[in-house]
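Read through the structure below, which is laid out as structure tokens, and then see the notes.
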Amino acid sequence: MEYLWQAGGIVSATGPLKNGILVDHIVVEVTMRRALIVVLVLFVGAGIAWASGTKKRKLPPYEFGSVTINNYSQQSGMPPVVFDHWVHRQYFTCRLCHVDIGFGMTAGATKVRAVDNMKGYYCGACHNGRMNASKTKVFEACAKEYSREDYKRCVKCHALERDAAREEEFYRFADTMPKERFGNGINWEKAEEEGLIKPLDQLEGVSIMKAKLKVQQDFSLKSKVEGMPDIIFSHRKHTVWNGCELCHPEIFVGIKKGTSKYSMVELFDGKYCGVCHDKVAFPQTDCQRCHTKPV
Amino acid sequence: MMRTTALMRMVPAACLLLSVCLSKAYGDEVWRAEFDDACAKTTDVMTLSVDELGALIGRCERLQKVVEQQDETVRKVFLKRLQLCKDLYVYVLEAKNNEKLRK
């Protein structure tokens with residue numbers, strides 16, 4: 001069987017005939033059509049996936065806000081660090097860790113080394129074996145040498161796998177807190193209002209003693225979608241937990257209302273409010289937490 | 001006689017060593033106190049005048065040079081902290097200047 005190819009398909013061939021048509025010619029045409037459909041379907045599928053982005057896995061409540069840090073751990077033969085925000089935010093404001101202690105706002109950005117912790121910086125600012133939280137001594141982070149017994153302390157942060165005890169601890173804690181529909185299921189704002197948590201904003205020897213922050217006024221932001229209530233931005237709550245320098249100018253560049261122009265697409269992309277909301281603070285799918293102004 | 005000479009040599013050496021150690025500790029304390037003072041105004045930044053903001057930015061810039069000479073951990077922590085407070089001062093200063101221009 002011989003074919004003569006030209007752009008657009010087969011123009012002539014020699015082989016067995018069926019009803020005056022070349023049998024091989026028909027087979028080749030059908031195969032080509034199928035291949036074309038497969039390519040087309042793949043192309044359209046890839047296009048849709050690219051346009052919509054890959055769907056994020058919905059995290060179980062105890063995993064929401066967990067950050068995996070693996071800058072140097074595996075190189076040193078240790079499992080990566082799994083940092084649980086829920087454990088820490090019941091004791092401290094965001095500002096204390098992200099401004100005074102100097103942790104970055106994205107996982108792995110700080111590049112914390114064991115030696116930094118041992119010198120009393122980063123995790124070591126509290127995990128120094130001397131500090132007390134809830135009448136319990138905070139375990140010491142990182143050591144140059146460790147025994148088999150010490151290793152139990154290492155795996156508190158360098159988690160080998162999901163710890164069932166840790167998960168249980170989360171649910172025990174969450175049971176005592178006001179409920180929330182999304183995220184880790186805890187309404188932290190309400191928890192503080194009700195006095196269930198009292199996050200510290202200063203750490204002796206680390207924080208700078210400053211004048212008390214002037215209470216900031218909440219303000220409204222116009223919703224861009226018709227029918228969607230406007231946003232009441234809780235500036236007061238945000239400044240109490242974050243201070244000024246955590247958000248300005250790195251996340252929000254304007255002082256005047258409306259200077260930073262952004263859309264929900266950007267927020268879902270992890271910019272602006274999305275730097276915290278969706279990752280640690282309540283997710284943006286909980287529309288009514290922000291779009292609260294009565295219509 | 002030899003013992004006295006050795007002792008006489010050791011005393012100044014010890015004094016020198018002590019003074020080096022103390023001056024390092026003192027130096028650390030000095031820049032840390034300057035850092036605490038320069039970055040203490042972030043809570044009332046909006047009440048500061050343009051001149052005050054300019055002075056604070058200048059202090060942050062001078063401090064940056066000192067922090068850059070510290071060991072890696074201290075450098076990493078304090079450059080980040082200094083950056084946060086300096087950026088806030090710069091940002092408020094620019095906003096105030098823009099407002100002045102608009103008027």
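Convention: chains lettered A, B, ... in structure tokens order; per-chain residue numbering from 1; ligands numbered from 1 as shown.
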
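In this structure, the chain B residues at most 8 Å away from chain A are Asp36, Cys39, Ala40, Lys41, Thr42, Thr43, Asp44, Thr73, Val77, Phe78, Lys80, Arg81, Leu84, Cys85, Asp87, Leu88, Tyr91, Val92 and Ala95 of chain B, with only C-alpha atoms considered.
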
* Run DSSP on the backbone of this structure and report the residues of chain B it assigns to alpha helix (DSSP H), as a VMD selection string. => chain B and resid 2 to 38 50 to 67 72 to 102

* Residue neighbourhood Tyr89 (chain B), 8 Å, only C-alpha atoms, exclusion window fewer than 5 positions, as a list in words ->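 My reading of the contact set: Thr42, Val45, Leu53, Leu56 and Ile57 of chain B.
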
Could you write out that same residue set with all heavy atoms as a JSON list (two decimals), in the first residue's frame?
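Listing of out.json after writing:
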```json
[["chain", "number", "residue", "atom", "x", "y", "z"],
["B", 42, "THR", "N", 5.58, 53.92, 65.44],
["B", 42, "THR", "CA", 4.67, 53.39, 64.40],
["B", 42, "THR", "C", 3.20, 53.45, 64.83],
["B", 42, "THR", "O", 2.32, 53.46, 63.97],
["B", 42, "THR", "CB", 5.03, 51.94, 64.03],
["B", 42, "THR", "OG1", 5.05, 51.16, 65.22],
["B", 42, "THR", "CG2", 6.36, 51.83, 63.33],
["B", 45, "VAL", "N", 2.06, 57.19, 64.08],
["B", 45, "VAL", "CA", 2.71, 57.70, 62.87],
["B", 45, "VAL", "C", 1.90, 58.79, 62.17],
["B", 45, "VAL", "O", 2.47, 59.73, 61.61],
["B", 45, "VAL", "CB", 3.05, 56.51, 61.92],
["B", 45, "VAL", "CG1", 1.82, 55.82, 61.41],
["B", 45, "VAL", "CG2", 3.95, 56.93, 60.78],
["B", 53, "LEU", "N", 8.93, 62.83, 60.49],
["B", 53, "LEU", "CA", 9.01, 61.60, 59.70],
["B", 53, "LEU", "C", 10.34, 61.50, 58.96],
["B", 53, "LEU", "O", 10.98, 60.45, 58.93],
["B", 53, "LEU", "CB", 7.85, 61.53, 58.69],
["B", 53, "LEU", "CG", 6.48, 61.19, 59.29],
["B", 53, "LEU", "CD1", 5.36, 61.51, 58.32],
["B", 53, "LEU", "CD2", 6.40, 59.72, 59.68],
["B", 56, "LEU", "N", 13.04, 60.49, 61.35],
["B", 56, "LEU", "CA", 12.95, 59.06, 61.70],
["B", 56, "LEU", "C", 13.46, 58.17, 60.57],
["B", 56, "LEU", "O", 14.15, 57.18, 60.81],
["B", 56, "LEU", "CB", 11.49, 58.68, 62.03],
["B", 56, "LEU", "CG", 10.97, 59.15, 63.39],
["B", 56, "LEU", "CD1", 9.48, 58.94, 63.51],
["B", 56, "LEU", "CD2", 11.68, 58.40, 64.53],
["B", 57, "ILE", "N", 13.16, 58.57, 59.34],
["B", 57, "ILE", "CA", 13.64, 57.78, 58.18],
["B", 57, "ILE", "C", 15.17, 57.83, 58.13],
["B", 57, "ILE", "O", 15.82, 56.82, 57.89],
["B", 57, "ILE", "CB", 13.00, 58.30, 56.87],
["B", 57, "ILE", "CG1", 11.48, 58.04, 56.89],
["B", 57, "ILE", "CG2", 13.63, 57.65, 55.63],
["B", 57, "ILE", "CD1", 10.69, 58.82, 55.88]]
```

* Grab the CA of Asp84 (chain A) to CA of Tyr62 (chain A) distance for me, in Å with one decimal place. =>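 Separation of CA of Asp84 (chain A) and CA of Tyr62 (chain A): 8.5 Å.
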
Each residue of region 126-238 of chain A lying at most 8 Å from region 65-81 of chain A should get a row with its shortest atom-to-atom pair and the distance in Å to one decimal, counting only C-alpha atoms; could you produce that, ordered by chain and increasing number, as JSON lines?
```
{"residue": "A:Cys157", "atom": "CA", "partner": "A:Val81", "partner_atom": "CA", "distance": 5.1}
{"residue": "A:His158", "atom": "CA", "partner": "A:Val81", "partner_atom": "CA", "distance": 4.2}
{"residue": "A:Ala159", "atom": "CA", "partner": "A:Val81", "partner_atom": "CA", "distance": 6.1}
{"residue": "A:Leu160", "atom": "CA", "partner": "A:Pro79", "partner_atom": "CA", "distance": 5.7}
{"residue": "A:Asn184", "atom": "CA", "partner": "A:Gly65", "partner_atom": "CA", "distance": 7.7}
```

* Pull the strand (DSSP E or B) assignments for region 47-294 of chain A out of DSSP run on the backbone, and list those residues as a PyMOL selection string. => chain A and resi 66-69+81-84+92+132-133+136-137+179+186+200+219-221+231-233+277+281

Excluding Gly58 (chain B) and its own-chain neighbours fewer than 6 positions away, which residues fall within 10 Å of it when counting only C-alpha atoms? Please give them as a short mmCIF file (atom, residue, chain, number, x, y, z; two decimals) with N, CA, C and O atoms, in the first residue's frame.
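So around.cif came out as:
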```cif
data_model
loop_
_atom_site.label_atom_id
_atom_site.label_comp_id
_atom_site.auth_asym_id
_atom_site.auth_seq_id
_atom_site.Cartn_x
_atom_site.Cartn_y
_atom_site.Cartn_z
N ALA B 38 13.76 54.50 67.54
CA ALA B 38 13.40 54.93 66.19
C ALA B 38 12.12 54.26 65.70
O ALA B 38 11.34 54.85 64.95
N GLU B 52 9.41 65.42 61.30
CA GLU B 52 9.64 64.32 62.24
C GLU B 52 9.78 62.99 61.48
O GLU B 52 10.66 62.17 61.80
N GLN B 64 20.33 50.97 59.68
CA GLN B 64 20.45 49.86 58.71
C GLN B 64 21.92 49.48 58.49
O GLN B 64 22.26 48.31 58.45
N LYS B 86 10.51 51.43 58.74
CA LYS B 86 10.95 52.48 57.81
C LYS B 86 9.94 52.65 56.66
O LYS B 86 9.60 53.77 56.30
#
```

* Structure fact -> What separates CA of Glu169 (chain A) and CA of Val87 (chain A) is a distance of 9.5 Å

* To do: Mind checking which residues fall within 12 Å of Asp175 (chain A), counting only C-alpha atoms, ignoring those fewer than 3 positions away in the same chain, and posting them as a ChimeraX atom specification?
  => /A:168-172,178-180,184-187,191,196
